[in-house]
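S.K.: Below is input12.pdb; it holds PDB, C-alpha atoms.
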ATOM      1  CA  MET A  19       6.178  -8.800 -26.930
ATOM      2  CA  LEU A  20       3.402  -6.290 -27.594
ATOM      3  CA  ASN A  21       1.977  -8.457 -30.368
ATOM      4  CA  ASN A  22       0.707 -10.994 -27.819
ATOM      5  CA  ILE A  23      -1.428  -8.627 -25.697
ATOM      6  CA  GLY A  24      -4.812  -9.200 -27.336
ATOM      7  CA  LEU A  25      -8.233  -7.985 -26.228
ATOM      8  CA  PRO A  26      -8.223  -9.454 -22.687
ATOM      9  CA  GLY A  27      -4.853  -7.854 -21.998
ATOM     10  CA  LEU A  28      -6.034  -4.480 -23.226
ATOM     11  CA  LEU A  29      -9.140  -4.684 -21.043
ATOM     12  CA  LEU A  30      -7.003  -5.535 -18.021
ATOM     13  CA  ILE A  31      -4.730  -2.568 -18.699
ATOM     14  CA  ALA A  32      -7.774  -0.285 -19.063
ATOM     15  CA  VAL A  33      -9.200  -1.458 -15.727
ATOM     16  CA  VAL A  34      -5.872  -0.949 -13.948
ATOM     17  CA  VAL A  35      -5.512   2.567 -15.381
ATOM     18  CA  LEU A  36      -9.088   3.375 -14.378
ATOM     19  CA  VAL A  37      -8.465   2.191 -10.805
ATOM     20  CA  LEU A  38      -5.174   4.080 -10.507
ATOM     21  CA  PHE A  39      -6.246   7.422 -11.922
ATOM     22  CA  GLY A  40     -10.001   7.501 -11.415
ATOM     23  CA  ARG A  41     -12.746   8.322 -13.866
ATOM     24  CA  GLY A  42     -12.569  12.108 -13.455
ATOM     25  CA  LYS A  43      -8.856  12.326 -14.127
ATOM     26  CA  ILE A  44      -9.093  10.121 -17.215
ATOM     27  CA  SER A  45     -12.023  12.080 -18.667
ATOM     28  CA  SER A  46     -10.198  15.385 -18.199
ATOM     29  CA  LEU A  47      -7.083  13.884 -19.768
ATOM     30  CA  MET A  48      -9.057  12.648 -22.768
ATOM     31  CA  GLY A  49     -10.604  16.116 -23.099
ATOM     32  CA  GLU A  50      -7.124  17.614 -23.273
ATOM     33  CA  VAL A  51      -6.077  15.026 -25.853
ATOM     34  CA  GLY A  52      -9.134  15.938 -27.940
ATOM     35  CA  LYS A  53      -8.257  19.635 -27.751
ATOM     36  CA  GLY A  54      -4.709  18.845 -28.802
ATOM     37  CA  ILE A  55      -5.860  16.833 -31.808
ATOM     38  CA  THR A  56      -8.243  19.624 -32.808
ATOM     39  CA  ALA A  57      -5.480  22.231 -32.541
ATOM     40  CA  PHE A  58      -3.138  20.033 -34.580
ATOM     41  CA  LYS A  59      -5.715  19.590 -37.362
ATOM     42  CA  LYS A  60      -6.385  23.333 -37.381
ATOM     43  CA  GLY A  61      -2.655  24.061 -37.674
ATOM     44  CA  VAL A  62      -2.225  21.613 -40.542
ATOM     45  CA  LYS A  63      -5.211  23.119 -42.358
ATOM     46  CA  GLU A  64      -3.893  26.670 -41.897
ATOM     47  CA  SER A  65      -0.424  25.734 -43.120
ATOM     48  CA  ASN A  66      -1.893  24.058 -46.209
ATOM     49  CA  GLU A  67      -3.963  27.162 -46.932
ATOM     50  CA  GLU A  68      -0.873  29.339 -46.462
ATOM     51  CA  ILE A  69       1.121  27.205 -48.900
ATOM     52  CA  GLU A  70      -1.700  27.353 -51.457
ATOM     53  CA  ASP A  71      -1.967  31.140 -51.069
ATOM     54  CA  SER A  72       1.766  31.632 -51.544
ATOM     55  CA  SER A  73       1.793  29.442 -54.656
ATOM     56  CA  THR A  74      -1.105  31.386 -56.198
ATOM     57  CA  GLU A  75       0.662  34.688 -55.464
ATOM     58  CA  VAL A  76       3.751  33.486 -57.293
ATOM     59  CA  ALA A  77       1.650  32.481 -60.273
ATOM     60  CA  ARG A  78      -0.068  35.886 -60.334
ATOM     61  CA  ASP A  79       3.274  37.726 -60.250
ATOM     62  CA  VAL A  80       4.835  35.679 -63.044
ATOM     63  CA  THR A  81       1.926  35.743 -65.478
ATOM     64  CA  PRO A  82       1.778  39.543 -66.115
ATOM     65  CA  GLU A  83       5.556  39.725 -66.615
ATOM     66  CA  THR A  84       5.462  37.130 -69.392
ATOM     67  CA  GLU A  85       2.540  38.907 -71.082
ATOM     68  CA  GLU A  86       4.414  42.229 -71.044
ATOM     69  CA  LYS A  87       7.502  40.603 -72.593
ATOM     70  CA  ASP A  88       5.363  39.089 -75.364
ATOM     71  CA  LYS A  89       3.798  42.468 -76.174
ATOM     72  CA  ALA A  90       7.148  44.312 -76.332
TER      73      ALA A  90
END
Take the structure in this file and express it as structure tokens.

M.R.:
Amino acid sequence: MLNNIGLPGLLLIAVVVLVLFGRGKISSLMGEVGKGITAFKKGVKESNEEIEDSSTEVARDVTPETEEKDKA
């Protein structure tokens, strides 16, 4: 059903939404969507950095222990 919408259908839907909600409401809604996307990207980036930091800490802890065992 949604495969048959096409460009004219999308334009009609956009016009109806614009008439129902008004330009100001839509622009503020899109601003909130943009802030949400930005916050999501920031969270993903921070979690990736946290994972990388934890993996490097594990590698730092393991390496000296193996060197001490080799020396003894």

S.K.: Between CA of Gly52 (chain A) and CA of Glu67 (chain A), measure the distance and give it in Å to one decimal.

M.R.: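 About the pair CA of Gly52 (chain A) and CA of Glu67 (chain A): they are 22.7 Å apart.
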
S.K.: Rounded to one decimal, what separation in Å do you get between CA of Val51 (chain A) and CA of Ser65 (chain A)?

M.R.: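 Result for CA of Val51 (chain A) versus CA of Ser65 (chain A): 21.1 Å, one decimal.
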
S.K.: Calculate how many Å separate CA of Val37 (chain A) from CA of Thr56 (chain A), rounding to one decimal.

M.R.: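 These atoms are spaced 28.1 Å apart.
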
S.K.: Give the padded box for region 36-53 of chain A as lines of an AutoDock Vina configuration file: axis-aligned, covering all atoms listed in the file, 6 Å on each side, centre and edge lengths in Å to one decimal.

M.R.:
center_x = -9.0
center_y = 10.9
center_z = -19.2
size_x = 19.6
size_y = 29.4
size_z = 29.4

S.K.: Taking all atoms listed in the file into account, which of A:Lys59, A:Gly54, A:Ile44, A:Asn66 comes nearest Ala32 (chain A)?

M.R.: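 Ranking A:Lys59, A:Gly54, A:Ile44, A:Asn66 by distance to Ala32 (chain A), first place goes to A:Ile44.
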
S.K.: Can you spit out region 46-68 of chain A with C-alpha atoms, as a JSON list (two decimals), in the first residue's frame, from the structure just given?

M.R.:
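Produced file part26.json, reproduced below:
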[["chain", "number", "residue", "atom", "x", "y", "z"],
["A", 46, "SER", "CA", 9.62, 23.98, 16.18],
["A", 47, "LEU", "CA", 8.94, 20.26, 15.85],
["A", 48, "MET", "CA", 11.73, 19.86, 13.31],
["A", 49, "GLY", "CA", 14.05, 21.79, 15.65],
["A", 50, "GLU", "CA", 13.27, 19.31, 18.41],
["A", 51, "VAL", "CA", 13.88, 16.40, 16.05],
["A", 52, "GLY", "CA", 17.26, 17.91, 15.13],
["A", 53, "LYS", "CA", 18.19, 18.26, 18.80],
["A", 54, "GLY", "CA", 17.18, 14.66, 19.39],
["A", 55, "ILE", "CA", 19.32, 13.41, 16.52],
["A", 56, "THR", "CA", 22.27, 15.46, 17.76],
["A", 57, "ALA", "CA", 21.88, 14.08, 21.29],
["A", 58, "PHE", "CA", 21.65, 10.53, 19.93],
["A", 59, "LYS", "CA", 24.84, 10.93, 17.88],
["A", 60, "LYS", "CA", 26.63, 12.41, 20.89],
["A", 61, "GLY", "CA", 25.53, 9.47, 23.06],
["A", 62, "VAL", "CA", 26.70, 6.92, 20.49],
["A", 63, "LYS", "CA", 30.06, 8.68, 20.19],
["A", 64, "GLU", "CA", 30.52, 8.79, 23.97],
["A", 65, "SER", "CA", 29.64, 5.12, 24.37],
["A", 66, "ASN", "CA", 32.11, 4.16, 21.64],
["A", 67, "GLU", "CA", 34.82, 6.20, 23.35],
["A", 68, "GLU", "CA", 33.96, 4.55, 26.68]]
